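**Student:** My structure file target-v6.txt, compact mmCIF, C-alpha atoms, is below:
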```
# COMPACT_ATOMS: atom_id res chain seq x y z
CA MET A 11 -54.48 142.19 20.85
CA ARG A 12 -52.31 144.41 18.67
CA ILE A 13 -52.21 143.79 14.93
CA PHE A 14 -49.03 144.59 13.02
CA HIS A 15 -49.68 144.95 9.30
CA ARG A 16 -45.96 144.79 8.53
CA TYR A 17 -43.29 142.80 10.29
CA ASN A 18 -40.68 145.04 11.88
CA ALA A 19 -38.76 143.24 14.63
CA ILE A 20 -37.76 146.44 16.44
CA LYS A 21 -41.32 147.80 16.61
CA VAL A 22 -42.70 144.44 17.74
CA ALA A 23 -39.95 144.10 20.35
CA THR A 24 -40.64 147.59 21.70
CA TYR A 25 -44.33 146.76 22.03
CA VAL A 26 -43.59 143.42 23.73
CA LYS A 27 -41.11 145.04 26.13
CA ILE A 28 -43.46 147.86 27.11
CA LEU A 29 -46.66 145.82 27.60
CA PHE A 30 -44.89 142.80 29.14
CA ARG A 31 -47.89 140.43 28.66
CA GLY A 32 -50.47 139.92 25.93
CA ARG A 33 -51.04 138.81 22.35
CA ILE A 34 -50.01 140.16 18.98
CA TYR A 35 -50.85 139.29 15.42
CA ILE A 36 -48.39 139.88 12.59
CA LYS A 37 -49.98 139.86 9.15
CA GLY A 38 -48.48 137.07 7.08
CA PHE A 39 -46.98 135.30 10.13
CA GLY A 40 -49.86 134.70 12.56
CA ALA A 41 -50.63 135.14 16.24
CA PHE A 42 -48.09 135.16 19.06
CA GLU A 43 -48.40 135.36 22.83
CA PHE A 44 -45.89 137.08 25.05
CA ASP A 45 -45.27 137.08 28.77
CA LYS A 46 -42.57 138.62 30.95
CA GLY A 47 -41.38 140.69 28.00
CA LYS A 48 -40.65 137.75 25.68
CA ILE A 49 -42.57 135.94 22.98
CA LEU A 50 -43.53 132.45 24.12
CA LEU A 51 -43.16 129.31 22.04
CA PRO A 52 -45.79 129.52 19.30
CA LYS A 53 -48.63 127.03 19.12
CA VAL A 54 -47.93 126.61 15.41
CA ARG A 55 -44.40 125.24 15.50
CA ASP A 56 -42.89 125.86 12.13
CA LYS A 57 -39.62 127.41 11.02
CA GLN A 58 -41.14 130.80 10.21
CA HIS A 59 -42.74 131.21 13.66
CA PHE A 60 -39.52 130.16 15.41
CA HIS A 61 -37.54 132.67 13.34
CA VAL A 62 -39.89 135.52 14.28
CA MET A 63 -39.87 134.48 17.94
CA THR A 64 -36.07 134.35 18.19
CA GLU A 65 -35.56 137.58 16.26
CA VAL A 66 -38.04 139.56 18.37
CA ASN A 67 -36.73 138.10 21.64
CA ARG A 68 -33.19 139.01 20.56
CA GLN A 69 -34.31 142.59 19.90
CA VAL A 70 -36.03 142.73 23.32
CA MET A 71 -32.77 141.64 24.97
CA ARG A 72 -30.90 144.31 23.01
CA LEU A 73 -33.38 146.99 24.11
CA GLN A 74 -33.09 145.90 27.75
CA SER A 75 -29.29 145.99 27.65
CA ASP A 76 -29.33 149.46 26.07
CA MET A 77 -31.54 150.77 28.86
CA GLY A 78 -29.65 149.23 31.76
```
Is it possible to express this structure as structure tokens?
**Tutor:**
Amino acid sequence: MRIFHRYNAIKVATYVKILFRGRIYIKGFGAFEFDKGKILLPKVRDKQHFHVMTEVNRQVMRLQSDMG
């Protein structure tokens, strides 16, 4: 599990894209699981978690399109 002390969507997305599967913890936001290079729906379903999930997944898509 990787712990991010600050939320930076690009750094989180790069980590998620490279490792492809695992768990992360973002201080102030909570824990997230990711699989197949995308953050999965969070167990705690509130607006803040959904915002982080969509923003990071959008950045992952942007990184994948830049590479290919």
**Student:** Would you work out the distance separating CA of Met77 (chain A) from CA of Ala41 (chain A), expressed in Å to one decimal?
**Tutor:**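 Computed distance, CA of Met77 (chain A) to CA of Ala41 (chain A), equals 27.7 Å.
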**Student:** Restricting the calculation to only C-alpha atoms, which member of A:Gly47, A:Pro52, A:Gly38, A:Gly32 is positioned closest to Gln69 (chain A)?
**Tutor:**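 Among the listed residues, A:Gly47 lies closest to Gln69 (chain A).
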**Student:** Compile the contact shell of Phe39 (chain A) as a list in words: residues with an atom at most 12 Å away, counting all atoms listed in the file, same-chain residues fewer than 6 positions apart removed.
**Tutor:**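 Once the nearby chain positions are removed, what remains is Ile13, Phe14, His15, Arg16, Tyr17, Asn18, Pro52, Val54, Arg55, Asp56, Lys57, Gln58, His59, Phe60, His61, Val62 and Met63 of chain A.
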**Student:** Just to confirm, what's the straight-line distance from CA of Arg31 (chain A) to CA of Val66 (chain A) in Å (one decimal)?
**Tutor:**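 Computing it gives 14.3 Å between the two atoms.
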**Student:** Restricting the calculation to all atoms listed in the file, which member of A:Lys37, A:Lys48, A:Lys27, A:Arg12 is positioned closest to Gln74 (chain A)?
**Tutor:**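 Result for the nearest residue to Gln74 (chain A): A:Lys27.
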**Student:** Would you pick out the contacts of Lys46 (chain A) at 12 Å or less, using only C-alpha atoms, so that residues sharing its chain but fewer than 3 positions from it are not included, and give the list as a list of chain:residue names?
**Tutor:** A:Val26, A:Lys27, A:Ile28, A:Leu29, A:Phe30, A:Arg31, A:Gly32, A:Glu43, A:Ile49, A:Leu50, A:Asn67, A:Val70, A:Met71
**Student:** What does the distance between CA of Thr24 (chain A) and CA of Leu51 (chain A) come to in Å, to one decimal place?
**Tutor:**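 Taking CA of Thr24 (chain A) as the start and CA of Leu51 (chain A) as the end point, the length is 18.5 Å.
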**Student:** Region 27-41 of chain A, all listed atoms, 3 Å padding on each side: what axis-aligned box centre and edge lengths in Å to one decimal come out, as JSON?
**Tutor:**
```
{"center_x": -46.1, "center_y": 141.3, "center_z": 18.1, "size_x": 15.9, "size_y": 19.2, "size_z": 28.1}
```
